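A quick write-up on the structure given underneath.
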Amino acid sequence: MRRRPPLPPGARDRRAVCLPAAPGAATAEGAPPSAAVVGGGIAGLAAAVGLAERGVRVTLFEREDTLGGRLAGWSTRLADGSSVTMSRGFHAFFRQYYNLRSLLRRTDPRLERLTPLPDYPLWHASGPRDSFRRVPRTPPWSAVGFALHSPTFTLGDLPRMNARAALPLMDVRVPEIYERLDAVSAHSYLDSIRFPEAAHHLAFEVFSRSFFADPRRLSAAEMALMFHIYFLGSAEGLLFDVPDDPFPAALWDPLRHYLEKLGVDVRVSEPVDRVSSAPGGGFRVDAGQHTRPYDACVLALDTDGLRSVLRDSPGLADEDWYARVTRLRTAPSFLVSRLWLDRPVAADRAGFLGTSGYAGLDNVSVLERWEREARDWARRTGGSVVELHAYAVADGADRETEQKRLVDQLHRLYPETRAAHIVDARHEWRQDCPMFAVGSYGDRPTVRTSNPSLMVAGDMVRTGLPVALMERAATSGMLAANALLERWRLRGHTLWTVPRSGRSALLRRGARWGEAPRRGAG
């Protein structure tokens, strides 16, 4: 019997699933193969690391002047003269993000640059408040604990619920969950379960909106997968860590230095214009004045970036693949407003707060609770650094109106901020997250393409594994690297996921009983 490998460092779920590395040589010998990785976000960084650690000659292209993709950061100067780092906002590094955390351990073996937040509080505008601090981490006790502690869910609600409709959540498998629920919207599926309205908002909609989509447009399968990863499928729990410095200092600058030590040619501010098939095999990559042949290519781009490159790069794979990529869509716009206030918020305000029912405000962060740069500014000025998020802003919304609306909702949530003067503010409007729309799963690319030397990575990619968001990006990047390493007879990298099915035979049998066919987007 093959011996089970030890869990990843810091992991506690003994049912986490190991995906062993494919065998092969530890490093390339002689003339090593070459690979272009297009995109310097999490997926591209993971692919570059995976390839370079096996001796592959890697060039990493990034169109922006900094790495990190949607977790990039950049310097800005405030009205008071302070130089600070702005970003696209808060991201939670959950403990079940095994492959992302493995990537970060390359430069931070004990993950000392991540710091835990003590709770994940959720507030609804109508009054109910939930917390995950006291909820057990191991399913099914996590669900039982949430029900017992939550003011939004009582035993009297149980008879009104449609238990059979909820059963598929007990045994989520990929891709089967998409076959069962991709044709249904998250909103319709939640309605079919008949959860209490407040619990519906706090326990589900807050999470589903983290995909930057209205639940009426989001695939129920994607939401069910999320529920499996974070709640019913994993014993890692719903609490999370955050970087103790801005993203560049804590994460990406160290990783860039690591890649460069491995010989990776990191080329920032260098967007790729086109990729073409080379006559002798492989590819030619054109990026400004840079044109060079490569044996393989990993396209680790967001949806618009992928479509843009492929528009000028015909013939890399089969026509059906191009057609499916063309049909990919981005999620609605989102807004991140960061405010530097001249006085502090109340001492008991959480570092992060999820909200529902607050006129478009989805969460509030108080950055000095965990980030060193924000803490230094707050101590120096006596103020506070507060960040507001609005996901899935309505098409055509007036930006000034939405920005003011978020500040108004902050005053409603934290009344002490009404008297605060805004020293400065930054508002980031973006629309580049993938849209996991109802019925769209089949159009999403897989890591492998019909061209064995061309791979795709990113958080929109179908991996066949129970991963999502940042962890999907990191996992897909490593899967892309592993696929190429296998072609070159080089050893792959071991990966991990949360359990790939329900945690008990009883739950799995119950889920099969609830497998009624579902049709219609709702």
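For the structure tokens, the naming scheme is as follows: chains receive sequential letters (A, B, ...) according to their order of presentation, residues are indexed from 1 within each chain, and ligands are indexed from 1 in presentation order.
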Quiz prompt | Contact residues around Ala278 (chain A) with only C-alpha atoms at 9 Å, ignoring same-chain residues under 4 positions, as a PyMOL selection string | solution = chain A and resi 282-284+293-294
Quiz item: Near Pro246 (chain A), counting only C-alpha atoms, which residues have an atom at most 12 Å away, once you skip same-chain residues fewer than 3 positions from it, shown as a ChimeraX atom specification?
Solution: /A:68,71-75,84-91,113-114,242-243,249-253,367-368,370-375
Per-residue nearest contacts of region 279-390 of chain A to region 424-443 of chain A (9 Å; only C-alpha atoms) as JSON lines:
{"residue": "A:Asp302", "atom": "CA", "partner": "A:Asp432", "partner_atom": "CA", "distance": 6.7}
{"residue": "A:Thr303", "atom": "CA", "partner": "A:Pro434", "partner_atom": "CA", "distance": 6.2}
{"residue": "A:Asp304", "atom": "CA", "partner": "A:Asp432", "partner_atom": "CA", "distance": 7.0}
{"residue": "A:Gly305", "atom": "CA", "partner": "A:Asp432", "partner_atom": "CA", "distance": 8.9}
{"residue": "A:Trp321", "atom": "CA", "partner": "A:Asp443", "partner_atom": "CA", "distance": 8.4}
{"residue": "A:Ala323", "atom": "CA", "partner": "A:Asp443", "partner_atom": "CA", "distance": 8.5}
{"residue": "A:Arg324", "atom": "CA", "partner": "A:Asp443", "partner_atom": "CA", "distance": 4.8}
{"residue": "A:Val325", "atom": "CA", "partner": "A:Asp443", "partner_atom": "CA", "distance": 6.8}
{"residue": "A:Thr326", "atom": "CA", "partner": "A:Asp443", "partner_atom": "CA", "distance": 8.9}
{"residue": "A:Arg327", "atom": "CA", "partner": "A:Asp443", "partner_atom": "CA", "distance": 6.9}
{"residue": "A:Leu328", "atom": "CA", "partner": "A:Asp443", "partner_atom": "CA", "distance": 6.8}
{"residue": "A:Arg329", "atom": "CA", "partner": "A:Met435", "partner_atom": "CA", "distance": 5.5}
{"residue": "A:Thr330", "atom": "CA", "partner": "A:Pro434", "partner_atom": "CA", "distance": 4.5}
{"residue": "A:Ala331", "atom": "CA", "partner": "A:Met435", "partner_atom": "CA", "distance": 4.3}
{"residue": "A:Pro332", "atom": "CA", "partner": "A:Gln431", "partner_atom": "CA", "distance": 6.0}
{"residue": "A:Ser333", "atom": "CA", "partner": "A:Gln431", "partner_atom": "CA", "distance": 4.4}
{"residue": "A:Phe334", "atom": "CA", "partner": "A:Arg430", "partner_atom": "CA", "distance": 5.6}
{"residue": "A:Leu335", "atom": "CA", "partner": "A:Trp429", "partner_atom": "CA", "distance": 4.8}
{"residue": "A:Val336", "atom": "CA", "partner": "A:Glu428", "partner_atom": "CA", "distance": 5.1}
{"residue": "A:Ser337", "atom": "CA", "partner": "A:His427", "partner_atom": "CA", "distance": 4.4}
{"residue": "A:Arg338", "atom": "CA", "partner": "A:Arg426", "partner_atom": "CA", "distance": 5.3}
{"residue": "A:Leu339", "atom": "CA", "partner": "A:Ala425", "partner_atom": "CA", "distance": 4.6}
{"residue": "A:Trp340", "atom": "CA", "partner": "A:Asp424", "partner_atom": "CA", "distance": 5.4}
{"residue": "A:Leu341", "atom": "CA", "partner": "A:Asp424", "partner_atom": "CA", "distance": 7.5}
